[in-house]
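Student: What follows is query-v9.pdb, made up of PDB, C-alpha atoms and all ligand atoms:
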```pdb
MODEL        1
ATOM      1  CA  MET A 262      20.373 -15.757  -0.352
ATOM      2  CA  ALA A 263      20.551 -14.469  -3.868
ATOM      3  CA  VAL A 264      22.004 -11.037  -4.141
ATOM      4  CA  ARG A 265      21.731  -8.647  -7.029
ATOM      5  CA  ILE A 266      24.492  -6.249  -7.880
ATOM      6  CA  CYS A 267      23.868  -2.673  -8.887
ATOM      7  CA  PRO A 268      25.365  -2.287 -12.362
ATOM      8  CA  HIS A 269      26.253   1.290 -11.549
ATOM      9  CA  CYS A 270      28.143   1.169  -8.251
ATOM     10  CA  LYS A 271      28.404  -2.576  -7.586
ATOM     11  CA  THR A 272      26.405  -2.290  -4.381
ATOM     12  CA  GLU A 273      24.683  -5.460  -3.327
ATOM     13  CA  ILE A 274      20.910  -5.277  -3.342
ATOM     14  CA  THR A 275      19.040  -8.003  -1.535
ATOM     15  CA  ALA A 276      16.860 -10.172  -3.693
ATOM     16  CA  ALA A 277      13.932  -9.583  -1.358
ATOM     17  CA  ASN A 278      14.133  -5.933  -2.262
ATOM     18  CA  VAL A 279      14.047  -6.738  -5.918
ATOM     19  CA  ALA A 280      11.106  -9.079  -5.635
ATOM     20  CA  ALA A 281       9.128  -6.634  -3.521
ATOM     21  CA  TYR A 282       9.177  -3.937  -6.149
ATOM     22  CA  SER A 283       9.343  -6.509  -8.934
ATOM     23  CA  ASP A 284      10.239  -4.227 -11.798
ATOM     24  CA  ARG A 285      11.527  -1.020 -10.299
ATOM     25  CA  VAL A 286      14.240  -0.836  -7.674
ATOM     26  CA  GLU A 287      16.268   2.069  -6.437
ATOM     27  CA  CYS A 288      19.860   1.390  -5.511
ATOM     28  CA  PRO A 289      20.317   2.269  -1.805
ATOM     29  CA  GLN A 290      23.850   3.445  -2.486
ATOM     30  CA  CYS A 291      23.811   5.570  -5.619
ATOM     31  CA  LYS A 292      20.045   6.075  -5.993
ATOM     32  CA  THR A 293      20.217   4.812  -9.527
ATOM     33  CA  ARG A 294      16.863   3.595 -10.722
ATOM     34  CA  LEU A 295      17.120  -0.007 -11.755
ATOM     35  CA  GLU A 296      14.708  -2.393 -13.272
ATOM     36  CA  VAL A 297      14.469  -6.121 -13.586
ATOM     37  CA  ALA A 298      15.336  -7.298 -17.045
ATOM     38  CA  PRO A 299      12.124  -8.233 -18.884
ATOM     39  CA  GLY A 300      13.286 -11.804 -19.462
ATOM     40  CA  ALA A 301      13.322 -12.534 -15.750
ATOM     41  CA  ARG A 302       9.702 -11.436 -15.366
ATOM     42  CA  THR A 303       8.633 -13.677 -18.197
ATOM     43  CA  LEU A 304      10.609 -16.571 -16.791
ATOM     44  CA  SER A 305       9.168 -16.193 -13.303
ATOM     45  CA  SER A 306       5.649 -15.990 -14.689
ATOM     46  CA  PHE A 307       6.292 -19.075 -16.758
ATOM     47  CA  PHE A 308       7.534 -21.088 -13.793
ATOM     48  CA  GLY A 309       4.693 -19.769 -11.673
ATOM     49  CA  LEU A 310       2.188 -20.963 -14.232
ATOM     50  CA  ALA A 311       3.947 -24.312 -14.500
ATOM     51  CA  ALA A 312       3.827 -24.730 -10.721
ATOM     52  CA  ALA A 313       0.170 -23.741 -10.735
ATOM     53  CA  ALA A 314      -0.571 -26.318 -13.422
ATOM     54  CA  ILE A 315       1.260 -29.030 -11.484
ATOM     55  CA  ALA A 316      -0.518 -28.129  -8.247
ATOM     56  CA  TRP A 317      -3.854 -28.091 -10.031
ATOM     57  CA  ARG A 318      -3.156 -31.471 -11.600
ATOM     58  CA  LEU A 319      -2.007 -33.063  -8.335
ATOM     59  CA  SER A 320      -4.883 -31.786  -6.253
ATOM     60  CA  SER A 321      -7.557 -32.570  -8.815
ATOM     61  CA  ASN A 322      -6.291 -36.149  -9.041
ATOM     62  CA  SER A 323      -6.791 -36.583  -5.303
ATOM     63  CA  GLY A 324     -10.522 -36.225  -5.783
ATOM     64  CA  GLY A 325     -12.950 -35.643  -2.945
ATOM     65  CA  ASN A 326     -15.898 -33.377  -2.427
ATOM     66  CA  LEU A 327     -13.842 -30.240  -2.573
ATOM     67  CA  SER A 328     -12.188 -31.209  -5.841
ATOM     68  CA  GLY A 329     -13.850 -28.291  -7.563
ATOM     69  CA  VAL A 330     -12.402 -25.695  -5.210
ATOM     70  CA  LEU A 331      -9.091 -26.980  -3.895
ATOM     71  CA  PRO A 332      -7.232 -27.320  -7.222
ATOM     72  CA  THR A 333      -7.904 -23.684  -7.983
ATOM     73  CA  LEU A 334      -6.782 -22.667  -4.534
ATOM     74  CA  TYR A 335      -3.608 -24.731  -4.717
ATOM     75  CA  ALA A 336      -2.846 -23.445  -8.200
ATOM     76  CA  PHE A 337      -3.308 -19.900  -7.004
ATOM     77  CA  LEU A 338      -1.026 -20.466  -4.025
ATOM     78  CA  ALA A 339       1.595 -22.218  -6.148
ATOM     79  CA  PHE A 340       1.701 -19.345  -8.581
ATOM     80  CA  GLY A 341       1.898 -16.801  -5.776
ATOM     81  CA  ILE A 342       4.784 -18.603  -4.099
ATOM     82  CA  VAL A 343       6.811 -19.895  -7.016
ATOM     83  CA  SER A 344       6.674 -16.877  -9.268
ATOM     84  CA  PRO A 345       8.295 -14.389  -6.851
ATOM     85  CA  LEU A 346      10.807 -17.042  -5.773
ATOM     86  CA  VAL A 347      11.916 -17.619  -9.346
ATOM     87  CA  LEU A 348      12.096 -13.892  -9.853
ATOM     88  CA  MET A 349      14.297 -13.578  -6.778
ATOM     89  CA  PHE A 350      16.824 -16.064  -8.038
ATOM     90  CA  THR A 351      16.833 -15.291 -11.716
ATOM     91  CA  ALA A 352      16.317 -11.560 -11.908
ATOM     92  CA  SER A 353      19.175  -9.525 -13.213
ATOM     93  CA  LEU A 354      19.158  -5.807 -12.811
ATOM     94  CA  ARG A 355      19.851  -3.320 -15.489
ATOM     95  CA  ASN A 356      20.167   0.393 -15.479
ATOM     96  CA  ALA A 357      16.732   1.859 -16.042
ATOM     97  CA  SER A 358      18.130   5.178 -17.214
ATOM     98  CA  ALA A 359      20.148   3.402 -19.893
ATOM     99  CA  LEU A 360      17.023   3.026 -21.950
ATOM    100  CA  PRO A 361      16.914   5.338 -24.946
ATOM    101  CA  VAL A 362      14.365   8.041 -24.336
ATOM    102  CA  PRO A 363      12.589   9.156 -27.482
ATOM    103  CA  GLU A 364      12.770  12.913 -27.744
ATOM    104  CA  PRO A 365       9.719  14.763 -28.949
ATOM    105  CA  VAL A 366      10.458  16.070 -32.393
ATOM    106  CA  PRO A 367       9.340  19.692 -32.782
ATOM    107  CA  VAL A 368       7.069  20.239 -35.718
ATOM    108  CA  ALA A 369       9.177  22.274 -38.084
ATOM    109  CA  GLY A 370       7.977  25.273 -40.055
ATOM    110  CA  GLY A 371       4.655  25.170 -41.812
ATOM    111  CA  HIS A 372       2.376  28.049 -42.498
ATOM    112  CA  GLY A 373      -0.160  28.854 -39.885
ATOM    113  CA  GLY A 374      -2.634  29.819 -42.521
ATOM    114  CA  ALA A 375      -3.707  32.814 -40.486
ATOM    115  CA  HIS A 376      -3.799  36.191 -42.125
ATOM    116  CA  HIS A 377      -2.523  39.296 -40.427
TER     117      HIS A 377
HETATM  118 ZN    ZN B   1      24.156   1.638  -7.231
ENDMDL
END
```
Since I need it in another form, could you write the structure as structure tokens?
Tutor:
Amino acid sequence: MAVRICPHCKTEITAANVAAYSDRVECPQCKTRLEVAPGARTLSSFFGLAAAAIAWRLSSNSGGNLSGVLPTLYAFLAFGIVSPLVLMFTASLRNASALPVPEPVPVAGGHGGAHH
């Protein structure tokens, strides 16, 4: 069972938790909002697509009357199973609040143009 570690308080967060919320997780211990590093999402999508392509290729080679429907179904299932699995095992958490928040810059000065 892959376990993620909260970067803030080192609490273990189960991978199932991470995969369920996919990009936003709250640490059960310190309530820090965490997010899955973007690279992991891309990687899991990539592997999901690869698995879908393989499943599609395998099932369409088998032929048969349902060859028009089954490959799509298998590809869909493969993506749905593989992608979250890869995410579970590859995802690394980072502190969501560590992201720089752009502050709204107040518009300075300027004449209103209105007469008294
Ligand atoms: Zn924590």
Student: Find, counting all atoms listed in the file, the residue in A:Ala314, A:Cys267, A:Ala339, A:Ala280 that gets nearest to ligand ZN 1 (chain B).
Tutor: A:Cys267
Student: As a quick test: using all atoms listed in the file, which residues lie no more than 7 Å away from ligand ZN 1 (chain B)? Give them as number ranges by chain.
Tutor: A: 267-272, 288-293
Student: Could you tell me how far CA of Leu348 in chain A lies from CA of Ile274 in chain A, in Å and to one decimal?
Tutor: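 Here the two named atoms are 13.9 Å from each other.
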Student: Spell out the residues picked by the PyMOL selection byres (((chain A and resi 338) around 12) and not hetatm) here, as a list in words.
Tutor: Gly309, Leu310, Ala312, Ala313, Ala314, Ile315, Ala316, Trp317, Leu331, Pro332, Thr333, Leu334, Tyr335, Ala336, Phe337, Ala339, Phe340, Gly341, Ile342, Val343, Ser344 and Pro345 of chain A
Student: Between CA of Phe307 in chain A and CA of Leu319 in chain A, what is the distance in Å, rounded to a tenth?
Tutor: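 Separation of CA of Phe307 in chain A and CA of Leu319 in chain A: 18.3 Å.
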Student: Output: range 278-324 of chain A of the preceding structure, restricted to N, CA and C atoms, written as a CSV table (one decimal), in the first residue's frame.
Tutor:
```csv
chain,number,residue,atom,x,y,z
A,278,ASN,N,-7.0,7.8,-0.3
A,278,ASN,CA,-7.4,9.1,0.0
A,278,ASN,C,-7.0,10.1,-1.1
A,279,VAL,N,-5.8,10.0,-1.5
A,279,VAL,CA,-5.2,10.9,-2.5
A,279,VAL,C,-5.9,10.7,-3.8
A,280,ALA,N,-6.1,9.5,-4.2
A,280,ALA,CA,-6.7,9.2,-5.5
A,280,ALA,C,-8.1,9.6,-5.5
A,281,ALA,N,-8.8,9.5,-4.4
A,281,ALA,CA,-10.2,9.8,-4.4
A,281,ALA,C,-10.4,11.3,-4.7
A,282,TYR,N,-9.6,12.1,-4.1
A,282,TYR,CA,-9.8,13.5,-4.3
A,282,TYR,C,-8.9,14.1,-5.4
A,283,SER,N,-8.1,13.2,-5.9
A,283,SER,CA,-7.2,13.4,-7.1
A,283,SER,C,-6.3,14.6,-7.0
A,284,ASP,N,-6.8,15.8,-6.8
A,284,ASP,CA,-5.9,16.9,-6.8
A,284,ASP,C,-5.9,17.8,-5.6
A,285,ARG,N,-6.9,17.5,-4.7
A,285,ARG,CA,-7.0,18.3,-3.5
A,285,ARG,C,-7.2,17.3,-2.3
A,286,VAL,N,-6.3,17.4,-1.3
A,286,VAL,CA,-6.4,16.5,-0.2
A,286,VAL,C,-6.2,17.4,1.0
A,287,GLU,N,-6.9,17.1,2.1
A,287,GLU,CA,-6.7,17.8,3.3
A,287,GLU,C,-6.1,16.8,4.3
A,288,CYS,N,-5.0,17.2,4.9
A,288,CYS,CA,-4.3,16.4,5.9
A,288,CYS,C,-5.2,16.2,7.1
A,289,PRO,N,-5.4,14.9,7.5
A,289,PRO,CA,-6.3,14.6,8.6
A,289,PRO,C,-5.7,15.1,9.9
A,290,GLN,N,-4.4,15.3,10.0
A,290,GLN,CA,-3.7,15.7,11.2
A,290,GLN,C,-3.7,17.2,11.4
A,291,CYS,N,-3.1,17.9,10.4
A,291,CYS,CA,-2.9,19.3,10.6
A,291,CYS,C,-3.8,20.2,9.7
A,292,LYS,N,-4.7,19.5,9.0
A,292,LYS,CA,-5.7,20.2,8.2
A,292,LYS,C,-5.1,21.1,7.1
A,293,THR,N,-3.8,20.8,6.8
A,293,THR,CA,-3.2,21.5,5.7
A,293,THR,C,-3.7,21.1,4.4
A,294,ARG,N,-4.0,22.0,3.6
A,294,ARG,CA,-4.5,21.7,2.2
A,294,ARG,C,-3.4,21.3,1.4
A,295,LEU,N,-3.5,20.1,0.8
A,295,LEU,CA,-2.4,19.6,0.0
A,295,LEU,C,-2.9,19.3,-1.4
A,296,GLU,N,-2.0,19.3,-2.3
A,296,GLU,CA,-2.4,18.9,-3.7
A,296,GLU,C,-1.4,18.0,-4.3
A,297,VAL,N,-1.9,17.2,-5.3
A,297,VAL,CA,-1.0,16.3,-6.0
A,297,VAL,C,-0.2,17.1,-7.0
A,298,ALA,N,1.1,16.9,-6.9
A,298,ALA,CA,2.0,17.6,-7.9
A,298,ALA,C,1.5,17.4,-9.3
A,299,PRO,N,1.5,18.4,-10.1
A,299,PRO,CA,0.9,18.3,-11.5
A,299,PRO,C,1.6,17.2,-12.3
A,300,GLY,N,2.8,16.9,-12.1
A,300,GLY,CA,3.5,15.9,-12.9
A,300,GLY,C,2.9,14.5,-12.7
A,301,ALA,N,2.4,14.2,-11.5
A,301,ALA,CA,1.8,12.9,-11.2
A,301,ALA,C,0.5,12.8,-12.0
A,302,ARG,N,-0.3,13.9,-12.1
A,302,ARG,CA,-1.5,13.8,-12.9
A,302,ARG,C,-1.2,13.5,-14.3
A,303,THR,N,-0.3,14.2,-14.9
A,303,THR,CA,0.1,14.0,-16.3
A,303,THR,C,0.6,12.6,-16.5
A,304,LEU,N,1.4,12.1,-15.6
A,304,LEU,CA,1.9,10.8,-15.7
A,304,LEU,C,0.8,9.7,-15.7
A,305,SER,N,-0.1,9.9,-14.7
A,305,SER,CA,-1.2,8.9,-14.6
A,305,SER,C,-2.1,8.9,-15.8
A,306,SER,N,-2.3,10.1,-16.3
A,306,SER,CA,-3.1,10.2,-17.6
A,306,SER,C,-2.4,9.5,-18.7
A,307,PHE,N,-1.1,9.7,-18.8
A,307,PHE,CA,-0.3,9.2,-19.9
A,307,PHE,C,-0.4,7.6,-19.8
A,308,PHE,N,-0.2,7.1,-18.6
A,308,PHE,CA,-0.2,5.6,-18.5
A,308,PHE,C,-1.6,5.1,-18.7
A,309,GLY,N,-2.6,5.9,-18.3
A,309,GLY,CA,-4.0,5.5,-18.6
A,309,GLY,C,-4.3,5.4,-20.0
A,310,LEU,N,-3.8,6.4,-20.8
A,310,LEU,CA,-4.0,6.4,-22.2
A,310,LEU,C,-3.3,5.3,-22.9
A,311,ALA,N,-2.1,5.0,-22.4
A,311,ALA,CA,-1.3,3.9,-22.9
A,311,ALA,C,-2.0,2.6,-22.7
A,312,ALA,N,-2.5,2.4,-21.5
A,312,ALA,CA,-3.2,1.1,-21.2
A,312,ALA,C,-4.5,1.0,-22.1
A,313,ALA,N,-5.1,2.2,-22.3
A,313,ALA,CA,-6.3,2.2,-23.1
A,313,ALA,C,-6.0,1.8,-24.6
A,314,ALA,N,-4.9,2.3,-25.0
A,314,ALA,CA,-4.4,2.0,-26.4
A,314,ALA,C,-4.1,0.5,-26.6
A,315,ILE,N,-3.4,0.0,-25.5
A,315,ILE,CA,-3.1,-1.4,-25.6
A,315,ILE,C,-4.3,-2.3,-25.5
A,316,ALA,N,-5.3,-1.9,-24.6
A,316,ALA,CA,-6.5,-2.7,-24.5
A,316,ALA,C,-7.3,-2.6,-25.8
A,317,TRP,N,-7.3,-1.5,-26.4
A,317,TRP,CA,-8.0,-1.3,-27.7
A,317,TRP,C,-7.4,-2.1,-28.8
A,318,ARG,N,-6.1,-2.1,-28.8
A,318,ARG,CA,-5.4,-2.9,-29.8
A,318,ARG,C,-5.6,-4.4,-29.7
A,319,LEU,N,-5.5,-4.9,-28.4
A,319,LEU,CA,-5.6,-6.3,-28.2
A,319,LEU,C,-7.0,-6.8,-28.5
A,320,SER,N,-8.0,-6.0,-28.1
A,320,SER,CA,-9.4,-6.4,-28.3
A,320,SER,C,-9.9,-6.3,-29.7
A,321,SER,N,-9.3,-5.3,-30.4
A,321,SER,CA,-9.7,-5.2,-31.8
A,321,SER,C,-9.1,-6.2,-32.7
A,322,ASN,N,-7.9,-6.8,-32.3
A,322,ASN,CA,-7.3,-7.8,-33.0
A,322,ASN,C,-8.0,-9.1,-32.9
A,323,SER,N,-8.8,-9.3,-31.8
A,323,SER,CA,-9.5,-10.6,-31.5
A,323,SER,C,-10.6,-10.7,-32.5
A,324,GLY,N,-11.1,-9.6,-33.1
A,324,GLY,CA,-12.1,-9.7,-34.1
A,324,GLY,C,-13.5,-10.1,-33.5
```
